[in-house]
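Asker: File name model-v6.txt; file contents compact mmCIF, C-alpha atoms; full text below.
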# COMPACT_ATOMS: atom_id res chain seq x y z
CA MET A 168 -36.65 1.77 35.38
CA TYR A 169 -37.56 0.49 31.93
CA ALA A 170 -39.15 -2.57 33.51
CA THR A 171 -41.39 -0.36 35.68
CA HIS A 172 -42.61 2.01 32.94
CA PRO A 173 -40.87 1.97 29.51
CA ARG A 174 -42.53 5.14 28.14
CA LEU A 175 -41.62 7.28 31.16
CA ALA A 176 -38.11 5.73 31.20
CA LEU A 177 -37.60 6.76 27.58
CA ILE A 178 -38.62 10.36 28.40
CA ALA A 179 -36.42 10.34 31.53
CA THR A 180 -33.31 9.18 29.66
CA ILE A 181 -33.78 11.17 26.45
CA ILE A 182 -31.40 13.90 27.69
CA THR A 183 -28.64 11.37 28.38
CA PRO A 184 -26.95 11.77 24.93
CA ILE A 185 -26.91 15.56 25.41
CA ASN A 186 -25.37 15.17 28.87
CA MET A 187 -22.77 12.77 27.52
CA ILE A 188 -21.72 15.25 24.81
CA LEU A 189 -21.50 18.04 27.38
CA VAL A 190 -19.45 15.92 29.79
CA ARG A 191 -17.09 14.76 27.07
CA ARG A 192 -16.41 18.25 25.74
CA THR A 193 -16.11 19.69 29.23
CA GLY A 194 -13.66 16.97 30.24
CA LYS A 195 -11.48 17.68 27.20
CA THR A 196 -11.50 21.44 27.79
CA VAL A 197 -10.89 21.15 31.53
CA GLY A 198 -8.00 18.79 30.81
CA HIS A 199 -6.49 21.35 28.44
CA TYR A 200 -6.96 24.06 31.06
CA GLY A 201 -5.16 21.81 33.53
CA VAL A 202 -2.05 21.74 31.30
CA VAL A 203 -2.15 25.52 30.83
CA GLN A 204 -2.74 25.95 34.57
CA ASN A 205 0.32 23.85 35.47
CA HIS A 206 2.41 25.75 32.93
CA ALA A 207 1.26 29.12 34.32
CA MET A 208 2.01 28.02 37.89
CA ALA A 209 5.47 26.81 36.83
CA LYS A 210 6.15 30.21 35.24
CA ALA A 211 5.10 32.03 38.41
CA ASN A 212 7.25 29.72 40.57
CA ALA A 213 10.21 30.20 38.21
CA VAL A 214 10.00 33.96 38.67
CA ALA A 215 9.90 33.58 42.47
CA VAL A 216 12.86 31.17 42.53
CA GLU A 217 14.93 33.34 40.19
CA VAL A 218 14.25 36.55 42.11
CA LEU A 219 14.88 35.01 45.54
CA GLY A 220 18.09 33.43 44.26
CA SER A 221 19.25 36.80 42.90
CA ILE A 222 17.93 38.95 45.73
CA ARG A 223 21.18 40.92 46.09
CA THR A 224 21.04 41.96 42.43
CA VAL A 225 17.37 42.92 42.79
CA GLN A 226 18.04 44.98 45.91
CA SER A 227 21.14 46.71 44.55
CA ASN A 228 19.22 47.78 41.43
CA VAL A 229 16.10 48.80 43.40
CA GLY A 230 14.08 46.25 41.44
CA GLU A 231 11.74 45.03 44.21
CA GLN A 232 8.69 46.85 42.85
CA GLN A 233 9.37 45.79 39.28
CA GLU A 234 9.78 42.14 40.27
CA ALA A 235 6.65 42.27 42.44
CA VAL A 236 4.64 43.55 39.46
CA PHE A 237 6.14 40.90 37.19
CA PHE A 238 5.36 38.11 39.66
CA THR A 239 1.82 39.45 40.17
CA GLU A 240 1.23 39.36 36.40
CA ARG A 241 2.32 35.72 36.23
CA LEU A 242 0.23 34.83 39.28
CA ASN A 243 -2.83 36.62 37.87
CA ARG A 244 -2.55 34.60 34.68
CA TYR A 245 -2.62 31.45 36.76
CA LEU A 246 -5.67 32.72 38.68
CA ARG A 247 -7.46 33.61 35.41
CA ILE A 248 -7.06 30.02 34.22
CA ILE A 249 -8.41 28.77 37.58
CA LYS A 250 -11.44 31.07 37.18
CA ALA A 251 -12.02 29.86 33.61
CA THR A 252 -11.92 26.23 34.77
CA VAL A 253 -14.35 26.88 37.62
CA TYR A 254 -16.65 28.85 35.27
CA LEU A 255 -16.70 26.02 32.74
CA GLU A 256 -17.49 23.39 35.38
CA THR A 257 -20.20 25.65 36.84
CA VAL A 258 -21.83 26.10 33.43
CA LEU A 259 -21.85 22.32 33.00
CA ARG A 260 -23.48 21.82 36.41
CA PHE A 261 -26.18 24.42 35.77
CA THR A 262 -26.86 23.08 32.27
CA GLN A 263 -27.22 19.55 33.60
CA TYR A 264 -29.38 20.81 36.45
CA GLY A 265 -31.63 22.77 34.06
CA LEU A 266 -32.01 19.83 31.68
CA SER A 267 -32.84 17.47 34.54
CA LYS A 268 -35.53 19.84 35.86
CA ILE A 269 -37.11 20.24 32.41
CA ARG A 270 -37.07 16.46 32.10
CA ASN A 271 -38.66 16.09 35.53
CA ILE A 272 -41.45 18.49 34.55
CA VAL A 273 -42.15 16.55 31.36
CA VAL A 274 -42.05 13.20 33.20
CA LEU A 275 -44.39 14.57 35.89
CA ALA A 276 -46.86 15.89 33.28
CA VAL A 277 -46.95 12.56 31.42
CA ALA A 278 -47.22 10.64 34.71
CA MET A 279 -50.14 12.84 35.93
CA HIS A 280 -51.99 12.22 32.70
CA GLN A 281 -51.47 8.48 33.04
CA VAL A 282 -52.57 8.55 36.69
CA ILE A 283 -55.75 10.42 35.67
CA THR A 284 -56.46 7.94 32.87
CA GLY A 285 -55.75 5.03 35.23
CA SER A 286 -52.79 3.56 33.33
CA LEU A 287 -50.38 4.40 36.18
CA THR A 288 -50.85 4.24 39.94
CA ILE A 289 -49.40 6.79 42.38
CA GLY A 290 -47.37 4.01 44.00
CA GLY A 291 -45.98 3.04 40.60
CA TYR A 292 -44.98 6.65 39.92
CA THR A 293 -43.33 6.93 43.37
CA ALA A 294 -41.24 3.81 42.67
CA PHE A 295 -40.35 5.12 39.20
CA SER A 296 -39.21 8.47 40.69
CA GLN A 297 -36.82 6.64 43.02
CA TYR A 298 -35.31 4.82 40.06
CA VAL A 299 -34.87 8.12 38.19
CA ASN A 300 -33.10 9.66 41.19
CA LEU A 301 -30.74 6.68 41.42
CA TYR A 302 -30.06 6.92 37.69
CA GLU A 303 -29.41 10.65 37.91
CA ASP A 304 -27.04 10.34 40.88
CA GLY A 305 -25.13 7.57 39.14
CA PHE A 306 -24.75 9.63 35.96
CA LYS A 307 -23.51 12.66 37.95
CA ASN A 308 -20.91 10.51 39.69
CA LEU A 309 -19.74 9.06 36.37
CA ALA A 310 -19.57 12.58 34.90
CA ASP A 311 -17.41 13.79 37.81
CA ILE A 312 -15.15 10.77 37.51
CA TRP A 313 -14.76 11.33 33.75
CA ILE A 314 -13.92 15.04 34.09
CA ASN A 315 -11.40 14.37 36.87
CA PHE A 316 -9.92 11.51 34.86
CA LYS A 317 -9.47 13.67 31.74
CA GLN A 318 -7.98 16.49 33.81
CA THR A 319 -5.55 14.11 35.54
CA VAL A 320 -4.53 12.30 32.36
CA THR A 321 -3.99 15.53 30.42
CA SER A 322 -2.15 17.26 33.27
CA THR A 323 0.18 14.32 33.92
CA GLY A 324 0.64 13.44 30.26
CA LYS A 325 4.00 15.22 29.94
CA PHE A 326 5.19 13.77 33.22
CA ILE A 327 4.31 10.26 32.04
CA GLN A 328 6.09 10.93 28.74
CA LEU A 329 9.16 12.00 30.71
CA LEU A 330 9.06 8.80 32.79
CA LEU A 331 8.77 6.66 29.65
CA ARG A 332 11.53 8.53 27.84
CA ARG A 333 14.68 6.53 27.31
CA PRO A 334 18.06 8.28 27.67
CA GLU A 335 20.09 8.70 24.50
CA ILE A 336 23.14 7.50 26.43
CA PRO A 337 22.20 4.29 28.33
CA PHE A 338 23.29 4.04 31.97
CA GLU A 339 23.38 0.26 32.02
CA GLY A 340 25.66 -2.15 30.20
CA GLY A 341 29.10 -1.49 28.78
CA ILE A 342 32.63 -2.48 29.73
CA LEU A 343 33.84 -2.16 33.33
CA PRO A 344 37.67 -2.30 33.15
CA ALA A 345 39.66 -3.01 36.29
CA VAL A 346 42.18 -0.26 35.45
CA CYS A 347 42.04 3.04 33.56
CA ARG A 348 45.31 4.52 32.24
CA GLY A 349 43.77 7.74 30.91
CA SER A 350 45.10 7.76 27.32
CA LEU A 351 42.58 9.68 25.24
CA VAL A 352 42.39 10.13 21.46
CA LEU A 353 39.95 12.32 19.53
CA GLU A 354 39.82 11.44 15.84
CA ASP A 355 38.09 13.95 13.52
CA VAL A 356 35.43 14.73 16.14
CA SER A 357 32.55 16.91 14.95
CA PHE A 358 29.48 17.90 16.90
CA ALA A 359 26.18 19.72 16.39
CA TYR A 360 23.42 20.01 18.96
CA SER A 361 20.18 18.10 18.30
CA GLY A 362 17.83 20.10 16.11
CA ARG A 363 20.68 22.33 14.86
CA ALA A 364 22.52 19.98 12.52
CA ASP A 365 23.32 22.92 10.24
CA LEU A 366 25.30 24.65 13.01
CA GLN A 367 28.54 22.78 13.67
CA VAL A 368 29.87 23.53 17.16
CA LEU A 369 33.00 21.41 16.61
CA THR A 370 34.52 20.37 13.29
CA ARG A 371 37.08 17.59 12.75
CA VAL A 372 38.94 18.03 16.05
CA ARG A 373 42.01 15.80 16.39
CA LEU A 374 43.81 15.35 19.69
CA GLU A 375 45.87 12.83 21.64
CA ALA A 376 46.50 13.12 25.39
CA ASN A 377 48.27 10.77 27.79
CA PRO A 378 48.78 10.67 31.57
CA GLY A 379 50.90 13.66 32.62
CA ASP A 380 49.72 15.81 29.69
CA ILE A 381 48.08 19.15 30.40
CA VAL A 382 46.02 20.25 27.41
CA ALA A 383 44.77 23.84 27.45
CA LEU A 384 41.78 24.82 25.33
CA ILE A 385 41.58 28.54 24.54
CA GLY A 386 39.48 30.67 22.23
CA GLU A 387 36.81 33.31 22.08
CA SER A 388 33.39 32.78 23.64
CA GLY A 389 31.43 30.32 21.50
CA ALA A 390 34.56 28.72 20.03
CA GLY A 391 33.52 25.26 21.29
CA LYS A 392 35.76 24.86 24.36
CA THR A 393 33.00 24.01 26.83
CA THR A 394 31.28 21.73 24.31
CA LEU A 395 34.51 19.78 23.90
CA GLY A 396 34.65 19.40 27.68
CA ARG A 397 31.08 18.08 27.68
CA LEU A 398 32.00 15.49 25.05
CA LEU A 399 34.87 14.34 27.25
CA LEU A 400 32.39 13.87 30.12
CA ARG A 401 30.10 12.14 27.63
CA TYR A 402 27.13 14.39 28.21
CA TYR A 403 26.82 14.01 24.44
CA ASP A 404 28.25 11.75 21.77
CA PRO A 405 30.05 13.19 18.71
CA SER A 406 27.99 13.70 15.54
CA ALA A 407 30.96 12.36 13.58
CA GLY A 408 34.40 11.01 14.36
CA SER A 409 35.37 9.01 17.43
CA ILE A 410 36.76 9.30 20.95
CA THR A 411 38.81 6.41 22.31
CA LEU A 412 40.04 5.78 25.85
CA ASP A 413 42.90 3.33 26.33
CA GLY A 414 42.34 2.11 22.77
CA LEU A 415 38.60 1.40 23.09
CA ASP A 416 35.67 3.43 21.81
CA TYR A 417 34.28 5.79 24.43
CA ARG A 418 30.76 4.44 23.86
CA SER A 419 31.80 0.88 24.73
CA TYR A 420 32.39 1.77 28.40
CA ASN A 421 29.78 1.73 31.13
CA ILE A 422 28.79 5.40 31.49
CA ARG A 423 28.90 5.37 35.30
CA TRP A 424 32.36 3.85 35.29
CA LEU A 425 33.56 6.29 32.63
CA ARG A 426 32.42 9.38 34.53
CA SER A 427 33.89 8.01 37.74
CA GLN A 428 37.29 8.20 36.00
CA ILE A 429 36.88 11.91 35.21
CA GLY A 430 37.10 14.71 37.74
CA PHE A 431 35.28 17.90 36.84
CA VAL A 432 35.92 21.29 38.45
CA GLU A 433 34.05 24.24 36.97
CA GLN A 434 34.12 27.99 37.39
CA GLU A 435 30.99 27.98 39.56
CA PRO A 436 30.97 24.57 41.27
CA VAL A 437 27.73 23.35 42.78
CA LEU A 438 27.65 22.58 46.49
CA PHE A 439 24.55 21.12 48.07
CA ASP A 440 23.07 22.57 51.25
CA ARG A 441 24.34 19.59 53.21
CA LYS A 442 27.31 19.06 55.50
CA LEU A 443 30.63 20.03 53.92
CA SER A 444 31.84 16.50 54.64
CA ASP A 445 28.94 15.15 52.55
CA ASN A 446 29.79 17.55 49.73
CA ILE A 447 33.42 16.38 49.70
CA ALA A 448 32.43 12.70 49.79
CA TYR A 449 29.73 13.21 47.13
CA GLY A 450 30.19 10.81 44.24
CA SER A 451 32.69 8.53 45.95
CA ALA A 452 31.83 4.92 45.24
CA LYS A 453 31.73 3.76 48.85
CA GLY A 454 30.89 6.44 51.43
CA ALA A 455 34.31 7.86 52.31
CA PRO A 456 35.37 7.69 55.98
CA LYS A 457 36.15 10.84 57.97
CA GLU A 458 39.92 10.34 57.67
CA GLU A 459 39.78 10.28 53.85
CA ILE A 460 37.53 13.34 53.75
CA GLU A 461 39.91 15.34 55.92
CA ALA A 462 42.94 14.12 53.95
CA ALA A 463 41.32 15.28 50.70
CA ALA A 464 40.46 18.62 52.28
CA ARG A 465 44.09 19.09 53.41
CA ARG A 466 45.37 18.37 49.90
CA ALA A 467 42.87 20.89 48.54
CA ASN A 468 43.93 23.58 51.05
CA ALA A 469 40.41 23.48 52.47
CA HIS A 470 40.95 21.85 55.88
CA LYS A 471 41.99 25.02 57.70
CA PHE A 472 39.07 27.20 56.66
CA ILE A 473 36.63 24.32 57.32
CA THR A 474 37.91 23.73 60.85
CA ASP A 475 37.79 27.49 61.49
CA LEU A 476 34.03 27.40 60.89
CA GLN A 477 31.88 27.07 64.00
CA SER A 478 30.52 23.64 62.99
CA GLY A 479 33.58 22.51 61.04
CA TYR A 480 32.86 19.69 58.61
CA GLU A 481 29.24 19.64 59.86
CA THR A 482 28.66 23.13 58.41
CA HIS A 483 25.92 23.53 55.81
CA PRO A 484 27.10 26.00 53.13
CA GLY A 485 23.54 27.25 52.50
CA GLU A 486 21.61 27.54 49.26
CA ARG A 487 24.06 28.02 46.38
CA ALA A 488 26.83 27.88 49.02
CA ALA A 489 26.09 31.48 49.96
CA ARG A 490 27.69 31.13 53.41
CA ILE A 491 31.22 30.55 52.10
CA SER A 492 33.39 32.48 49.64
CA GLY A 493 34.05 31.65 46.01
CA GLY A 494 37.59 30.48 46.74
CA GLN A 495 36.42 28.27 49.59
CA LYS A 496 33.72 26.79 47.37
CA GLN A 497 36.35 26.00 44.72
CA ARG A 498 38.58 24.24 47.26
CA VAL A 499 35.68 22.07 48.47
CA ALA A 500 34.98 21.13 44.85
CA ILE A 501 38.65 20.25 44.34
CA ALA A 502 38.60 18.13 47.51
CA ARG A 503 35.57 16.34 46.07
CA ALA A 504 37.56 15.56 42.93
CA ILE A 505 40.64 14.49 44.94
CA ILE A 506 38.73 11.96 47.04
CA ARG A 507 37.50 10.22 43.88
CA ASN A 508 41.10 10.04 42.55
CA PRO A 509 40.11 10.22 38.85
CA LYS A 510 42.53 9.37 36.03
CA MET A 511 41.40 12.33 33.93
CA LEU A 512 40.49 15.86 34.90
CA VAL A 513 38.46 18.57 33.15
CA LEU A 514 38.91 22.08 34.57
CA ASP A 515 36.42 24.56 33.13
CA GLU A 516 37.92 27.99 33.91
CA ALA A 517 38.32 26.81 37.48
CA THR A 518 40.21 29.91 38.68
CA SER A 519 39.01 32.68 36.35
CA ALA A 520 36.56 34.18 38.87
CA LEU A 521 39.04 34.35 41.77
CA ASP A 522 41.27 37.15 43.00
CA SER A 523 45.04 36.67 42.85
CA GLU A 524 45.37 35.49 46.46
CA ASN A 525 42.58 32.91 46.16
CA GLU A 526 43.83 31.88 42.73
CA HIS A 527 47.25 31.09 44.20
CA ILE A 528 45.71 28.95 46.96
CA VAL A 529 43.35 27.15 44.57
CA GLN A 530 46.15 26.65 42.04
CA GLN A 531 48.23 24.90 44.72
CA ALA A 532 45.27 22.59 45.35
CA LEU A 533 44.91 21.95 41.62
CA ASP A 534 48.61 21.15 41.32
CA GLU A 535 48.13 18.47 43.97
CA LEU A 536 45.12 17.07 42.12
CA MET A 537 46.73 17.10 38.66
CA ARG A 538 49.77 14.95 39.37
CA GLY A 539 50.10 12.05 36.90
CA LYS A 540 46.66 12.60 35.37
CA THR A 541 45.41 13.47 31.90
CA ILE A 542 44.34 17.10 32.22
CA PHE A 543 42.11 19.26 30.04
CA ILE A 544 41.93 22.92 30.99
CA ILE A 545 39.45 25.41 29.54
CA ALA A 546 41.42 28.51 30.38
CA HIS A 547 41.54 32.28 29.98
CA ARG A 548 44.39 33.19 32.29
CA LEU A 549 47.98 33.39 31.08
CA SER A 550 49.43 31.66 34.14
CA THR A 551 47.29 28.58 33.54
CA VAL A 552 47.96 28.35 29.80
CA VAL A 553 51.75 28.77 30.01
CA ARG A 554 52.07 25.73 32.29
CA SER A 555 50.32 23.44 29.79
CA THR A 556 52.19 20.81 27.79
CA ARG A 557 49.96 21.44 24.77
CA ILE A 558 47.67 24.28 23.76
CA LEU A 559 44.75 24.12 21.34
CA VAL A 560 43.40 27.40 19.95
CA LEU A 561 39.78 27.03 18.84
CA ASP A 562 37.80 29.32 16.59
CA LYS A 563 34.19 28.59 15.60
CA GLY A 564 34.65 24.89 16.36
CA HIS A 565 37.91 24.47 14.44
CA VAL A 566 41.35 23.88 15.94
CA VAL A 567 43.22 26.67 14.16
CA GLU A 568 46.49 26.36 16.08
CA GLN A 569 48.12 23.91 18.45
CA GLY A 570 51.49 23.42 20.06
CA THR A 571 53.43 24.39 23.16
CA HIS A 572 53.48 27.92 24.56
CA ASP A 573 56.97 28.60 23.18
CA GLU A 574 56.06 27.28 19.72
CA LEU A 575 52.90 29.32 19.41
CA VAL A 576 54.12 32.57 20.93
CA SER A 577 57.17 32.63 18.62
CA ASN A 578 54.82 33.41 15.71
CA GLU A 579 53.83 37.02 16.32
CA GLN A 580 51.00 36.78 13.75
CA SER A 581 49.33 33.81 15.45
CA ARG A 582 46.02 34.06 17.29
CA TYR A 583 47.74 32.70 20.37
CA ALA A 584 50.30 35.54 20.30
CA SER A 585 47.42 38.01 20.01
CA PHE A 586 45.75 36.33 22.98
CA MET A 587 48.95 36.63 25.00
CA LYS A 588 49.32 40.33 24.17
CA HIS A 589 45.75 40.96 25.28
CA GLN A 590 46.38 39.10 28.54
CA ILE A 591 49.51 41.14 29.29
CA VAL A 592 48.52 44.59 27.98
CA SER A 593 44.95 44.77 29.34
CA PRO A 594 45.94 44.50 33.03
CA LEU A 595 48.66 47.13 32.50
CA LEU A 596 46.21 49.55 30.88
CA SER A 597 43.68 49.00 33.66
Show the structure stored in the file as structure tokens.
Answerer:
Amino acid sequence: MYATHPRLALIATIITPINMILVRRTGKTVGHYGVVQNHAMAKANAVAVEVLGSIRTVQSNVGEQQEAVFFTERLNRYLRIIKATVYLETVLRFTQYGLSKIRNIVVLAVAMHQVITGSLTIGGYTAFSQYVNLYEDGFKNLADIWINFKQTVTSTGKFIQLLLRRPEIPFEGGILPAVCRGSLVLEDVSFAYSGRADLQVLTRVRLEANPGDIVALIGESGAGKTTLGRLLLRYYDPSAGSITLDGLDYRSYNIRWLRSQIGFVEQEPVLFDRKLSDNIAYGSAKGAPKEEIEAAARRANAHKFITDLQSGYETHPGERAARISGGQKQRVAIARAIIRNPKMLVLDEATSALDSENEHIVQQALDELMRGKTIFIIAHRLSTVVRSTRILVLDKGHVVEQGTHDELVSNEQSRYASFMKHQIVSPLLS
């Protein structure tokens, strides 16, 4: 283009810096809108998932209209961001189009003057116009690529950061012992969640547990019971103090091996919408055969109800295991822990949500699972606590009392004695 006619080429490309500034700023803004757009869509989806997962609560409280309005508000915010993005890109296109037309008029005027004066032929101008069109198309393509690139990079930035993020607790490396005895010692363990170092959840907790021990953790809500259970599963590491297993620091073990030695049964166990046999075998090192799955189910008092189902072990429990009862769900979770045969067991209020009949059945399954293992029970119910070999009473992260049931209940002024009275008197009053 410059080789054909330098003066006209200079006029034709004089708007290029302006276009570049527009494209750069538009790309940055559109990229930002992309992040906000993804966030708004995630919010709308979260509302839909939450409402659909709690549809019985919504229906029983006649909240359909309220939730529909709430979801519409979130969706409208998403649509407003879409409109803003489209508006911005449209303004850019029209601005570029207007500038190019003004440039074309100026180029045509200069070219006509030069044709009249004889310094430019019509053929030369025709060739120059083709070059300008090629230049303009190329710039538009580059502008589109740049805007899409900025939008993609900005929108996926957080995802890329997540992929590059390294876990605080590494999954690779560490000791892989051939045998685990299950002797656990907590030495002055303290813990505070990241970003809240001023708020101690646990403070100088000391504890020793060996195979056959049943340690009950009791206390008010927020006392630190569940957090202590999470430390045992090594979801977190202590802020201070140490945890040792069979004489070695907890952190020296391979994390996958360590968690394979710990069974975990919680108040609301998670079952996947897959075959019940797959849920029982989930987490076993080498896909468990049918015989082992059924044996684990029998020990967990789950075999009978499973075989009574139309599809038996092939049954899918549905989303959030909605097709089976709470007690049945607990027994499947216990069977899952049995098939792994862990050396330690953490029970997080595993029977507190069950009625007395289901609690008795589930407790029988737990008794089968607990034999010869190191047990930690986060408990509220009297029947569970009394059977423990040691009881720790927590208050605001501190172990304020510990001992056996008989030792603690003999002191009528103790917190444990108060807890026992509440457990006995409340049901009578109700």
Asker: From the set A:Val277, A:Met587, A:Leu175, A:Leu561, which residue has the shortest atom-to-atom contact distance to Val372 of chain A, counting only C-alpha atoms?
Answerer: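 Counting only C-alpha atoms, the residue closest to Val372 of chain A is A:Leu561.
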Asker: Per residue of segment 332-371 of chain A within 6 Å of segment 396-408 of chain A, what are the shortest atom pair and its distance in Å to one decimal, counting only C-alpha atoms, with rows by chain and residue number, as CSV?
Answerer:
residue,atom,partner,partner_atom,distance
A:Glu354,CA,A:Gly408,CA,5.6
A:Asp355,CA,A:Gly408,CA,4.8
A:Val356,CA,A:Gly408,CA,4.3
A:Ser357,CA,A:Ala407,CA,5.0
A:Phe358,CA,A:Ser406,CA,4.7
Asker: If we draw a sphere of 9 Å around (50.2, 27.2, 22.9), which residues have at least one atom in it when counting only C-alpha atoms? Please report them as an NGL selection string.
Answerer: :A and (383 or 385 or 552-553 or 555-560 or 568-576 or 583-584)
Asker: Those residues you just picked out, can you put them in a file as a PDB file, keeping the file's coordinate frame with C-alpha atoms?
Answerer:
ATOM      1  CA  ALA A 383      44.770  23.840  27.450  1.00  0.00           C
ATOM      2  CA  ILE A 385      41.580  28.540  24.540  1.00  0.00           C
ATOM      3  CA  VAL A 552      47.960  28.350  29.800  1.00  0.00           C
ATOM      4  CA  VAL A 553      51.750  28.770  30.010  1.00  0.00           C
ATOM      5  CA  SER A 555      50.320  23.440  29.790  1.00  0.00           C
ATOM      6  CA  THR A 556      52.190  20.810  27.790  1.00  0.00           C
ATOM      7  CA  ARG A 557      49.960  21.440  24.770  1.00  0.00           C
ATOM      8  CA  ILE A 558      47.670  24.280  23.760  1.00  0.00           C
ATOM      9  CA  LEU A 559      44.750  24.120  21.340  1.00  0.00           C
ATOM     10  CA  VAL A 560      43.400  27.400  19.950  1.00  0.00           C
ATOM     11  CA  GLU A 568      46.490  26.360  16.080  1.00  0.00           C
ATOM     12  CA  GLN A 569      48.120  23.910  18.450  1.00  0.00           C
ATOM     13  CA  GLY A 570      51.490  23.420  20.060  1.00  0.00           C
ATOM     14  CA  THR A 571      53.430  24.390  23.160  1.00  0.00           C
ATOM     15  CA  HIS A 572      53.480  27.920  24.560  1.00  0.00           C
ATOM     16  CA  ASP A 573      56.970  28.600  23.180  1.00  0.00           C
ATOM     17  CA  GLU A 574      56.060  27.280  19.720  1.00  0.00           C
ATOM     18  CA  LEU A 575      52.900  29.320  19.410  1.00  0.00           C
ATOM     19  CA  VAL A 576      54.120  32.570  20.930  1.00  0.00           C
ATOM     20  CA  TYR A 583      47.740  32.700  20.370  1.00  0.00           C
ATOM     21  CA  ALA A 584      50.300  35.540  20.300  1.00  0.00           C
TER      22      ALA A 584
END
Asker: Out of A:Thr394, A:Ile381, A:Asn578, A:Leu415, which residue has the shortest atom-to-atom distance to Thr551 of chain A when counting all atoms listed in the file?
Answerer: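 Smallest distance to Thr551 of chain A is found for A:Ile381.
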Asker: I want to know what sits within 10 Å of Ala310 of chain A, based on all atoms listed in the file, with residues of the same chain fewer than 6 positions away left out; could you give that as a list of chain:residue names?
Answerer: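 The neighbour list is A:Asn186, A:Met187, A:Leu189, A:Val190, A:Arg191, A:Thr193, A:Gly194, A:Asp304, A:Phe316.
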Asker: Check the smallest atom-to-atom distance from each of A:Ala455, A:Val229, A:Leu443, A:Leu395 to Ile544 of chain A using only C-alpha atoms, then report the winner.
Answerer: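 Using only C-alpha atoms, Ile544 of chain A sits closest to A:Leu395.
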Asker: Might you pull out every residue within 12 Å of His483 of chain A, with all atoms listed in the file counted and same-chain residues fewer than 2 positions away left off, and present them as an MDAnalysis selection string?
Answerer: chainID A and resid 438:446 473 476:481 485:491 496
Asker: Kindly write N, CA and C atoms of segment 485-496 of chain A from the structure just given to a file, as a compact mmCIF listing (two decimals), in the first residue's frame.
Answerer:
# COMPACT_ATOMS: atom_id res chain seq x y z
N GLY A 485 -30.50 -42.37 44.18
CA GLY A 485 -31.01 -41.07 43.77
C GLY A 485 -30.13 -39.94 44.26
N GLU A 486 -30.45 -38.73 43.82
CA GLU A 486 -29.68 -37.56 44.26
C GLU A 486 -29.86 -37.37 45.75
N ARG A 487 -28.74 -37.21 46.46
CA ARG A 487 -28.72 -37.08 47.91
C ARG A 487 -29.38 -38.29 48.60
N ALA A 488 -29.35 -39.43 47.92
CA ALA A 488 -29.90 -40.69 48.45
C ALA A 488 -31.34 -40.52 48.91
N ALA A 489 -32.12 -39.79 48.10
CA ALA A 489 -33.50 -39.48 48.47
C ALA A 489 -34.42 -40.69 48.43
N ARG A 490 -34.00 -41.77 47.76
CA ARG A 490 -34.88 -42.94 47.61
C ARG A 490 -34.77 -43.94 48.75
N ILE A 491 -33.87 -43.70 49.69
CA ILE A 491 -33.76 -44.59 50.85
C ILE A 491 -33.82 -43.75 52.12
N SER A 492 -34.10 -44.39 53.26
CA SER A 492 -34.27 -43.66 54.51
C SER A 492 -32.92 -43.27 55.12
N GLY A 493 -33.00 -42.43 56.16
CA GLY A 493 -31.78 -42.00 56.83
C GLY A 493 -31.04 -43.16 57.47
N GLY A 494 -31.78 -44.07 58.10
CA GLY A 494 -31.14 -45.23 58.72
C GLY A 494 -30.50 -46.14 57.71
N GLN A 495 -31.16 -46.33 56.58
CA GLN A 495 -30.59 -47.17 55.52
C GLN A 495 -29.33 -46.53 54.96
N LYS A 496 -29.37 -45.22 54.79
CA LYS A 496 -28.20 -44.50 54.29
C LYS A 496 -27.02 -44.66 55.24
